[in-house]
>>> print(open('entry_3.txt').read())   # compact mmCIF, C-alpha atoms
# COMPACT_ATOMS: atom_id res chain seq x y z
CA MET A 1224 -8.00 -33.21 14.94
CA ALA A 1225 -4.37 -32.88 13.87
CA GLU A 1226 -3.23 -29.38 13.04
CA VAL A 1227 -2.40 -28.90 9.38
CA LYS A 1228 0.80 -26.94 8.86
CA GLN A 1229 0.54 -24.36 6.14
CA ASN A 1230 3.34 -23.06 4.00
CA VAL A 1231 2.63 -19.38 3.34
CA ILE A 1232 3.64 -17.97 -0.03
CA VAL A 1233 3.39 -14.18 -0.17
CA VAL A 1234 2.46 -12.74 -3.56
CA LYS A 1235 3.82 -9.21 -3.52
CA LEU A 1236 2.81 -6.20 -5.59
CA GLY A 1237 3.01 -7.05 -9.29
CA GLN A 1238 3.87 -10.71 -8.74
CA ILE A 1239 2.23 -14.07 -9.57
CA ALA A 1240 2.48 -17.46 -7.84
CA TRP A 1241 0.97 -20.87 -8.45
CA SER A 1242 0.95 -24.20 -6.65
CA ASP A 1243 -0.43 -27.74 -6.55
CA ARG A 1244 0.88 -28.49 -3.04
CA PRO A 1245 -1.94 -28.92 -0.52
CA GLU A 1246 0.08 -27.38 2.31
CA ASP A 1247 0.50 -24.08 0.46
CA LEU A 1248 -1.44 -20.94 1.32
CA LEU A 1249 -1.10 -18.12 -1.20
CA VAL A 1250 -1.63 -14.67 0.26
CA THR A 1251 -1.53 -11.18 -1.17
CA TYR A 1252 -1.61 -8.38 1.36
CA SER A 1253 -3.16 -4.94 1.40
CA LEU A 1254 -4.66 -4.58 -2.05
CA GLY A 1255 -5.56 -0.94 -2.61
CA SER A 1256 -6.23 -0.01 -6.23
CA CYS A 1257 -4.51 -3.24 -7.29
CA VAL A 1258 -6.56 -6.33 -8.04
CA GLY A 1259 -5.91 -9.71 -6.46
CA LEU A 1260 -6.87 -12.53 -8.80
CA VAL A 1261 -7.23 -16.20 -7.86
CA LEU A 1262 -7.48 -18.90 -10.53
CA TRP A 1263 -8.47 -22.40 -9.46
CA ASP A 1264 -8.70 -25.75 -11.22
CA PRO A 1265 -11.03 -27.80 -8.97
CA VAL A 1266 -10.14 -31.15 -10.61
CA GLU A 1267 -6.34 -31.01 -10.51
CA ARG A 1268 -6.45 -28.73 -7.45
CA VAL A 1269 -3.97 -26.30 -8.93
CA GLY A 1270 -4.29 -22.71 -7.79
CA GLY A 1271 -2.71 -19.43 -8.82
CA MET A 1272 -2.71 -15.86 -7.62
CA ALA A 1273 -1.80 -12.53 -9.22
CA HIS A 1274 -1.38 -9.09 -7.63
CA VAL A 1275 -2.22 -6.91 -10.63
CA PHE A 1276 -0.72 -3.42 -10.37
CA LEU A 1277 -1.83 -1.83 -13.64
CA PRO A 1278 -4.41 -2.68 -16.31
CA SER A 1279 -2.15 -2.65 -19.34
CA SER A 1280 1.49 -2.65 -20.36
CA ASN A 1281 0.45 -0.15 -23.09
CA GLY A 1282 3.18 -1.32 -25.40
CA ARG A 1283 5.91 -0.81 -22.79
CA ASN A 1284 9.00 -2.87 -23.45
CA VAL A 1285 8.75 -5.23 -20.50
CA SER A 1286 12.11 -6.91 -20.76
CA ARG A 1287 12.63 -7.99 -17.16
CA PRO A 1288 10.73 -11.13 -16.19
CA GLU A 1289 9.87 -9.70 -12.76
CA GLU A 1290 8.11 -6.71 -14.37
CA ALA A 1291 5.79 -8.70 -16.65
CA PRO A 1292 3.20 -9.82 -14.08
CA ARG A 1293 2.54 -6.24 -12.96
CA PHE A 1294 0.27 -5.68 -15.93
CA ALA A 1295 -3.05 -7.48 -16.29
CA ASP A 1296 -2.62 -8.00 -20.04
CA ILE A 1297 0.71 -9.84 -19.59
CA GLY A 1298 0.44 -11.22 -16.05
CA ILE A 1299 -2.84 -13.11 -16.35
CA PRO A 1300 -1.94 -15.09 -19.52
CA LEU A 1301 1.44 -15.83 -17.91
CA LEU A 1302 -0.25 -17.18 -14.78
CA ILE A 1303 -2.56 -19.40 -16.86
CA GLN A 1304 0.45 -20.74 -18.74
CA ARG A 1305 2.36 -21.53 -15.53
CA MET A 1306 -0.69 -23.28 -14.04
CA GLU A 1307 -1.09 -25.39 -17.18
CA ARG A 1308 2.47 -26.60 -16.70
CA LYS A 1309 1.34 -27.89 -13.28
CA GLY A 1310 -1.50 -29.81 -14.91
CA ALA A 1311 -4.34 -27.28 -14.78
CA SER A 1312 -6.69 -26.99 -17.74
CA ARG A 1313 -7.82 -23.50 -18.75
CA ARG A 1314 -11.23 -24.98 -19.63
CA ARG A 1315 -11.77 -25.87 -15.97
CA LEU A 1316 -10.39 -22.70 -14.40
CA VAL A 1317 -12.62 -20.48 -12.31
CA ALA A 1318 -11.68 -17.00 -11.09
CA ARG A 1319 -12.18 -14.96 -7.94
CA MET A 1320 -11.10 -11.36 -7.62
CA ALA A 1321 -10.74 -8.67 -4.95
CA GLY A 1322 -9.43 -5.12 -4.65
CA GLY A 1323 -9.68 -2.31 -7.18
CA ALA A 1324 -10.48 0.20 -4.44
CA SER A 1325 -10.10 3.96 -4.44
CA LEU A 1326 -8.51 4.77 -1.08
CA PHE A 1327 -8.35 8.55 -1.55
CA PRO A 1328 -11.63 9.23 -3.33
CA GLY A 1329 -12.05 12.76 -4.57
CA LEU A 1330 -8.49 13.85 -3.80
CA PHE A 1331 -7.26 13.66 -7.36
CA LYS A 1332 -10.24 14.40 -9.48
CA GLU A 1333 -8.04 14.85 -12.53
CA MET A 1334 -6.66 11.32 -12.17
CA PRO A 1335 -8.25 8.24 -13.67
CA ASP A 1336 -9.66 5.68 -11.24
CA ILE A 1337 -6.94 3.04 -11.60
CA GLY A 1338 -8.80 0.65 -9.29
CA ALA A 1339 -11.84 0.58 -11.57
CA GLN A 1340 -9.59 0.30 -14.63
CA ASN A 1341 -7.77 -2.66 -13.09
CA VAL A 1342 -11.09 -4.41 -12.40
CA SER A 1343 -12.34 -3.80 -15.98
CA ALA A 1344 -9.08 -5.04 -17.49
CA VAL A 1345 -9.09 -8.25 -15.43
CA VAL A 1346 -12.76 -8.94 -16.26
CA GLU A 1347 -12.08 -8.41 -19.98
CA ILE A 1348 -9.00 -10.66 -20.04
CA LEU A 1349 -10.87 -13.43 -18.18
CA ARG A 1350 -13.73 -13.10 -20.68
CA LYS A 1351 -11.29 -13.50 -23.58
CA HIS A 1352 -9.98 -16.68 -21.98
CA SER A 1353 -13.55 -17.91 -21.22
CA ILE A 1354 -12.79 -18.15 -17.50
CA PRO A 1355 -15.91 -17.56 -15.36
CA ILE A 1356 -15.74 -15.26 -12.33
CA VAL A 1357 -17.37 -17.15 -9.45
CA GLY A 1358 -16.52 -14.75 -6.62
CA SER A 1359 -15.76 -11.07 -6.38
CA ASP A 1360 -15.24 -8.34 -3.80
CA VAL A 1361 -14.13 -5.18 -5.60
CA GLY A 1362 -14.41 -1.40 -5.42
CA GLY A 1363 -15.13 0.69 -2.35
CA ASN A 1364 -12.52 2.75 -0.52
CA TYR A 1365 -10.73 0.25 1.70
CA GLY A 1366 -7.82 -2.17 1.47
CA ARG A 1367 -8.13 -5.94 1.32
CA THR A 1368 -5.97 -9.01 1.93
CA MET A 1369 -6.74 -12.13 -0.14
CA ARG A 1370 -5.87 -15.73 0.71
CA LEU A 1371 -6.13 -19.01 -1.23
CA GLU A 1372 -5.83 -22.43 0.44
CA ILE A 1373 -4.53 -24.92 -2.11
CA ARG A 1374 -5.85 -27.86 -0.06
CA THR A 1375 -9.47 -26.73 -0.49
CA GLY A 1376 -9.53 -23.90 -3.03
CA ARG A 1377 -11.12 -21.75 -0.32
CA THR A 1378 -10.56 -18.06 -1.02
CA THR A 1379 -11.05 -15.38 1.61
CA VAL A 1380 -10.88 -11.62 1.66
CA ALA A 1381 -10.14 -9.61 4.82
CA THR A 1382 -10.33 -5.86 5.38
CA ALA A 1383 -8.60 -3.54 7.82
CA PHE A 1384 -11.77 -3.41 9.87
CA GLY A 1385 -11.74 -7.03 10.97
CA VAL A 1386 -14.14 -8.44 8.41
CA GLU A 1387 -13.04 -11.66 6.67
CA ARG A 1388 -15.32 -13.52 4.29
CA GLU A 1389 -15.17 -16.28 1.76
CA ILE A 1390 -15.78 -15.37 -1.88
CA MET B 1118 21.17 15.00 -9.03
CA LYS B 1119 17.96 16.75 -7.93
CA TYR B 1120 17.02 13.83 -5.67
CA ASP B 1121 20.20 14.09 -3.52
CA ASN B 1122 19.51 17.77 -3.07
CA VAL B 1123 15.97 17.03 -1.90
CA ILE B 1124 17.20 14.52 0.70
CA ARG B 1125 19.61 17.09 2.15
CA HIS B 1126 16.83 19.63 2.57
CA ILE B 1127 14.45 17.07 4.08
CA GLY B 1128 16.94 16.87 6.95
CA GLU B 1129 16.77 20.64 7.46
CA GLY B 1130 12.98 20.53 7.38
CA LEU B 1131 12.89 17.76 9.97
CA GLU B 1132 15.00 19.80 12.33
CA SER B 1133 12.57 22.69 12.12
CA ALA B 1134 9.57 20.33 12.49
CA ARG B 1135 11.21 18.72 15.53
CA LYS B 1136 11.58 22.12 17.23
CA ALA B 1137 8.02 23.18 16.39
CA LEU B 1138 6.53 19.92 17.71
CA GLY B 1139 8.71 20.11 20.81
CA ALA B 1140 7.42 23.62 21.52
CA LEU B 1141 3.83 22.52 20.99
CA THR B 1142 3.99 19.42 23.19
CA GLY B 1143 6.54 20.53 25.76
CA LYS B 1144 8.36 17.24 25.23
CA ASP B 1145 11.55 16.28 23.44
CA VAL B 1146 10.91 15.18 19.90
CA GLU B 1147 13.53 12.87 18.52
CA VAL B 1148 14.28 12.01 14.91
CA ALA B 1149 14.98 8.34 15.63
CA SER B 1150 16.14 7.37 12.15
CA VAL B 1151 16.39 8.66 8.60
CA LYS B 1152 16.98 6.13 5.86
CA SER B 1153 17.16 6.91 2.20
CA SER B 1154 17.32 4.08 -0.27
CA GLU B 1155 16.19 2.75 -3.60
CA MET B 1156 13.94 -0.19 -3.01
CA SER B 1157 12.23 -2.73 -5.20
CA LEU B 1158 8.69 -1.73 -6.21
CA ALA B 1159 7.29 -4.98 -4.77
CA GLU B 1160 8.79 -4.19 -1.35
CA VAL B 1161 7.34 -0.68 -0.98
CA PRO B 1162 4.04 -1.85 0.65
CA PHE B 1163 6.18 -3.58 3.34
CA LEU B 1164 8.11 -0.39 4.14
CA ALA B 1165 6.15 0.47 7.29
CA GLY B 1166 6.12 -3.09 8.68
CA ALA B 1167 3.31 -5.61 8.22
CA PRO B 1168 1.42 -4.38 5.13
CA ASP B 1169 -1.98 -5.27 6.58
CA SER B 1170 -1.38 -3.43 9.87
CA VAL B 1171 -3.82 -0.57 10.35
CA VAL B 1172 -2.46 2.97 10.43
CA LEU B 1173 -3.87 6.44 10.46
CA ALA B 1174 -2.19 8.28 7.62
CA SER B 1175 -1.94 11.77 6.27
CA TYR B 1176 -1.19 11.97 2.58
CA ILE B 1177 0.20 15.08 0.87
CA ARG B 1178 1.16 15.35 -2.77
CA TYR B 1179 3.28 18.23 -4.05
CA SER B 1180 3.78 19.49 -7.54
CA GLY B 1181 5.41 22.51 -9.16
CA ASP B 1182 9.14 22.55 -9.92
CA LEU B 1183 9.48 19.22 -8.12
CA ARG B 1184 6.95 16.44 -7.69
CA GLY B 1185 6.51 13.89 -4.98
CA GLN B 1186 4.42 12.53 -2.15
CA ILE B 1187 4.66 12.56 1.61
CA LEU B 1188 2.91 9.95 3.74
CA ILE B 1189 2.85 10.42 7.50
CA LEU B 1190 1.81 7.24 9.28
CA TYR B 1191 0.67 6.89 12.89
CA ARG B 1192 0.02 3.65 14.77
CA PRO B 1193 -3.44 3.86 16.36
CA ASP B 1194 -2.13 2.15 19.53
CA ASN B 1195 0.33 4.97 20.14
CA MET B 1196 -1.90 7.84 19.13
CA LYS B 1197 -3.31 8.42 22.60
CA ASP B 1198 0.13 9.36 23.95
CA LEU B 1199 0.40 11.95 21.21
CA ALA B 1200 -3.08 13.30 21.93
CA LEU B 1201 -2.33 13.42 25.67
CA ALA B 1202 0.81 15.44 24.98
CA LEU B 1203 -1.07 17.91 22.79
CA ALA B 1204 -4.31 18.22 24.75
CA PRO B 1205 -3.73 16.78 28.22
CA GLU B 1206 -6.35 18.87 29.98
CA PHE B 1207 -9.42 17.36 28.40
CA PHE B 1208 -8.42 14.19 26.49
CA ALA B 1209 -8.94 11.92 29.50
CA GLU B 1210 -12.46 13.23 30.05
CA LEU B 1211 -13.69 12.61 26.53
CA LYS B 1212 -16.02 9.79 25.51
CA GLU B 1213 -14.49 7.12 23.24
CA GLU B 1214 -16.17 8.42 20.06
CA GLU B 1215 -15.02 11.94 20.89
CA LYS B 1216 -11.48 10.66 21.40
CA GLU B 1217 -11.52 9.18 17.89
CA ALA B 1218 -12.47 12.56 16.43
CA LEU B 1219 -9.76 14.24 18.47
CA LEU B 1220 -7.16 11.74 17.24
CA GLU B 1221 -7.94 12.73 13.65
CA SER B 1222 -7.50 16.41 14.58
CA VAL B 1223 -4.18 15.57 16.23
CA VAL B 1224 -3.04 13.74 13.10
CA SER B 1225 -4.07 16.69 11.01
CA GLU B 1226 -2.26 19.21 13.22
CA VAL B 1227 0.97 17.22 13.59
CA SER B 1228 0.97 16.39 9.88
CA ASN B 1229 0.58 20.05 8.97
CA ILE B 1230 3.68 20.88 11.02
CA LEU B 1231 5.73 17.98 9.66
CA GLY B 1232 4.60 18.44 6.07
CA SER B 1233 4.90 22.22 5.88
CA SER B 1234 8.30 22.30 7.64
CA THR B 1235 9.86 19.81 5.27
CA LEU B 1236 8.23 21.18 2.13
CA ASN B 1237 9.29 24.73 3.03
CA ALA B 1238 12.86 23.53 3.57
CA ILE B 1239 12.89 21.67 0.25
CA ALA B 1240 11.42 24.67 -1.58
CA ASP B 1241 13.84 27.17 0.01
CA GLY B 1242 16.87 24.92 -0.32
CA THR B 1243 16.29 24.03 -3.96
CA GLU B 1244 14.87 27.47 -4.85
CA SER B 1245 11.80 25.70 -6.17
CA THR B 1246 8.13 26.50 -6.14
CA LEU B 1247 6.11 23.66 -4.62
CA ARG B 1248 2.34 23.35 -4.53
CA PRO B 1249 1.14 20.91 -1.85
CA SER B 1250 -2.28 19.27 -2.07
CA PRO B 1251 -4.61 19.55 0.92
CA PRO B 1252 -3.72 16.68 3.30
CA CYS B 1253 -5.96 13.65 3.05
CA ILE B 1254 -6.46 11.61 6.23
CA VAL B 1255 -7.19 7.92 5.83
CA ARG B 1256 -7.30 4.95 8.22
CA ASP B 1257 -6.50 1.66 6.51
CA MET B 1258 -3.84 -0.99 5.87
CA ALA B 1259 -0.36 0.58 5.62
CA GLY B 1260 0.47 -1.44 2.51
CA ALA B 1261 -2.72 -0.42 0.71
CA ILE B 1262 -1.98 3.25 1.39
CA LEU B 1263 1.60 2.91 0.11
CA GLU B 1264 0.44 0.98 -2.94
CA THR B 1265 -2.11 3.69 -3.76
CA ALA B 1266 0.61 6.33 -3.46
CA LEU B 1267 2.72 4.47 -6.02
CA VAL B 1268 -0.18 4.45 -8.45
CA ALA B 1269 -1.06 8.10 -7.74
CA GLY B 1270 2.53 9.11 -8.46
CA SER B 1271 2.77 6.94 -11.58
CA ILE B 1272 5.76 5.24 -9.97
CA PHE B 1273 6.26 2.06 -11.99
CA SER B 1274 10.04 1.68 -12.16
CA GLU B 1275 11.74 -1.37 -10.70
CA LYS B 1276 13.69 0.72 -8.18
CA VAL B 1277 11.82 3.34 -6.17
CA PRO B 1278 13.67 6.13 -4.31
CA VAL B 1279 12.35 6.37 -0.77
CA VAL B 1280 13.20 8.41 2.32
CA ASP B 1281 11.89 6.84 5.52
CA VAL B 1282 11.95 8.93 8.72
CA LYS B 1283 10.92 7.76 12.19
CA MET B 1284 10.12 10.37 14.84
CA LYS B 1285 9.46 9.76 18.51
CA LEU B 1286 7.84 11.87 21.21
CA GLY B 1287 9.72 12.06 24.51
CA ARG B 1288 9.81 8.79 26.44
CA THR B 1289 6.47 7.61 25.07
CA ASP B 1290 5.86 5.08 22.32
CA ALA B 1291 4.10 7.78 20.33
CA GLY B 1292 5.60 8.88 17.09
CA ALA B 1293 5.17 9.13 13.39
CA GLU B 1294 6.77 7.62 10.34
CA MET B 1295 7.24 9.97 7.39
CA ILE B 1296 7.73 8.43 3.99
CA PHE B 1297 8.85 10.58 1.08
CA LEU B 1298 8.35 9.32 -2.45
CA PRO B 1299 10.04 11.80 -4.81
CA GLU B 1300 8.79 11.51 -8.38
CA GLY B 1301 10.67 11.88 -11.63
CA SER B 1302 14.08 11.80 -9.96
>>> encode(input="entry_3.txt", output="structure tokens")
Amino acid sequence: MAEVKQNVIVVKLGQIAWSDRPEDLLVTYSLGSCVGLVLWDPVERVGGMAHVFLPSSNGRNVSRPEEAPRFADIGIPLLIQRMERKGASRRRLVARMAGGASLFPGLFKEMPDIGAQNVSAVVEILRKHSIPIVGSDVGGNYGRTMRLEIRTGRTTVATAFGVEREI
Amino acid sequence: MKYDNVIRHIGEGLESARKALGALTGKDVEVASVKSSEMSLAEVPFLAGAPDSVVLASYIRYSGDLRGQILILYRPDNMKDLALALAPEFFAELKEEEKEALLESVVSEVSNILGSSTLNAIADGTESTLRPSPPCIVRDMAGAILETALVAGSIFSEKVPVVDVKMKLGRTDAGAEMIFLPEGS
């Protein structure tokens, strides 16, 4: 079988990316308390990925375009919008999510659990947009790397301990 | 600016840490590089190389007159050289699972020296009172640890001040990478 060359697009902390090109592989590395979100339109085969840093912009003046996707409340609607421009329909979108871990549990008892807050915020925003979550690997106390193959829509999550699974 | 002052005193702390580690191991300890910069928030998880590479890390947060975080990262592949330098007499005879436990003790010991030397120098040099947290040892992806530190320090600005120090033990590949994330600078 011929080897399929993949074009890797790295989605860094607080960034979003989207694609309809079959050769593209979207990857977001080492999610800790951040949440990796994949949106997928199985008909048009348009996929998107967000690396959500914080649950809410909390009324911050987010003037720079590169800052907007950091926050779930701004970044997720923005990703949906960009995917629609590529032909995706929000009615067909399905979501998969990973991350939201607490890597140093118990160290900062006075601090809120940002990982859990990120997960709740993403779930709530997807609910508002009527996008079903069809796969999830969240919580725990370990990092994760998430990948989305645009050719197939296959989404995988890998941990530092050598485990990789499809969600 | 407070931040410039902190960087200067980090250098003094490293010198004292280098001497203390040298005395403990009987080997030359070299500060291979010190880089201070302001980097983009999105790039911070890539600071220690591939973000999904596994490291053993010691995490210390300090508060008081100044606030910030220190991450000391060790590559598991190079840890045995460090353990051999610190405890040569019995490391080779240990079972694998015992070696793992010893590596964590080594990380803890070396991190205490590195962390306390630099924090003492910063505190003395800036005439500040600093309260360090107990060190937390974690083994995971380097990028996930750095990302969590950003969140823990409420560091959300586009440009993040970072001091990145690489230390090396004698002629071995063993060493540590110390990353300072000053807050509120």
>>> closest_residue(input="entry_3.txt", among="B:Leu1220, B:Ser1175, B:Ala1291, B:Ala1240", to="B:Pro1252", atoms="only C-alpha atoms")
B:Ser1175
>>> closest_residue(input="entry_3.txt", among="B:Leu1236, B:Leu1211, B:Ala1218, B:Leu1231", to="B:Ala1137", atoms="all atoms listed in the file")
B:Leu1231
>>> residues_around(input="entry_3.txt", residues="A:Ile1239", least_positions_apart="3", cutoff="8 Å", atoms="all atoms listed in the file", output="PyMOL selection string")
chain A and resi 1234-1235+1271-1274+1292+1298+1302
>>> atom_distance(input="entry_3.txt", atom1="atom CA of A:Asn1364", atom2="atom CA of A:Ala1324")
5.1 Å
>>> residues_around(input="entry_3.txt", residues="stretch 1268-1270 of chain A", least_positions_apart="6", cutoff="10 Å", atoms="only C-alpha atoms", output="ChimeraX atom specification")
/A:1240-1245,1247-1249,1261-1262,1302-1303,1306-1307,1309-1312,1316-1318,1371-1376
>>> write_last_selection(input="entry_3.txt", atoms="C-alpha atoms", output="CSV table (one decimal), in the frame of the given file")
chain,number,residue,atom,x,y,z
A,1240,ALA,CA,2.5,-17.5,-7.8
A,1241,TRP,CA,1.0,-20.9,-8.4
A,1242,SER,CA,1.0,-24.2,-6.6
A,1243,ASP,CA,-0.4,-27.7,-6.6
A,1244,ARG,CA,0.9,-28.5,-3.0
A,1245,PRO,CA,-1.9,-28.9,-0.5
A,1247,ASP,CA,0.5,-24.1,0.5
A,1248,LEU,CA,-1.4,-20.9,1.3
A,1249,LEU,CA,-1.1,-18.1,-1.2
A,1261,VAL,CA,-7.2,-16.2,-7.9
A,1262,LEU,CA,-7.5,-18.9,-10.5
A,1302,LEU,CA,-0.2,-17.2,-14.8
A,1303,ILE,CA,-2.6,-19.4,-16.9
A,1306,MET,CA,-0.7,-23.3,-14.0
A,1307,GLU,CA,-1.1,-25.4,-17.2
A,1309,LYS,CA,1.3,-27.9,-13.3
A,1310,GLY,CA,-1.5,-29.8,-14.9
A,1311,ALA,CA,-4.3,-27.3,-14.8
A,1312,SER,CA,-6.7,-27.0,-17.7
A,1316,LEU,CA,-10.4,-22.7,-14.4
A,1317,VAL,CA,-12.6,-20.5,-12.3
A,1318,ALA,CA,-11.7,-17.0,-11.1
A,1371,LEU,CA,-6.1,-19.0,-1.2
A,1372,GLU,CA,-5.8,-22.4,0.4
A,1373,ILE,CA,-4.5,-24.9,-2.1
A,1374,ARG,CA,-5.8,-27.9,-0.1
A,1375,THR,CA,-9.5,-26.7,-0.5
A,1376,GLY,CA,-9.5,-23.9,-3.0
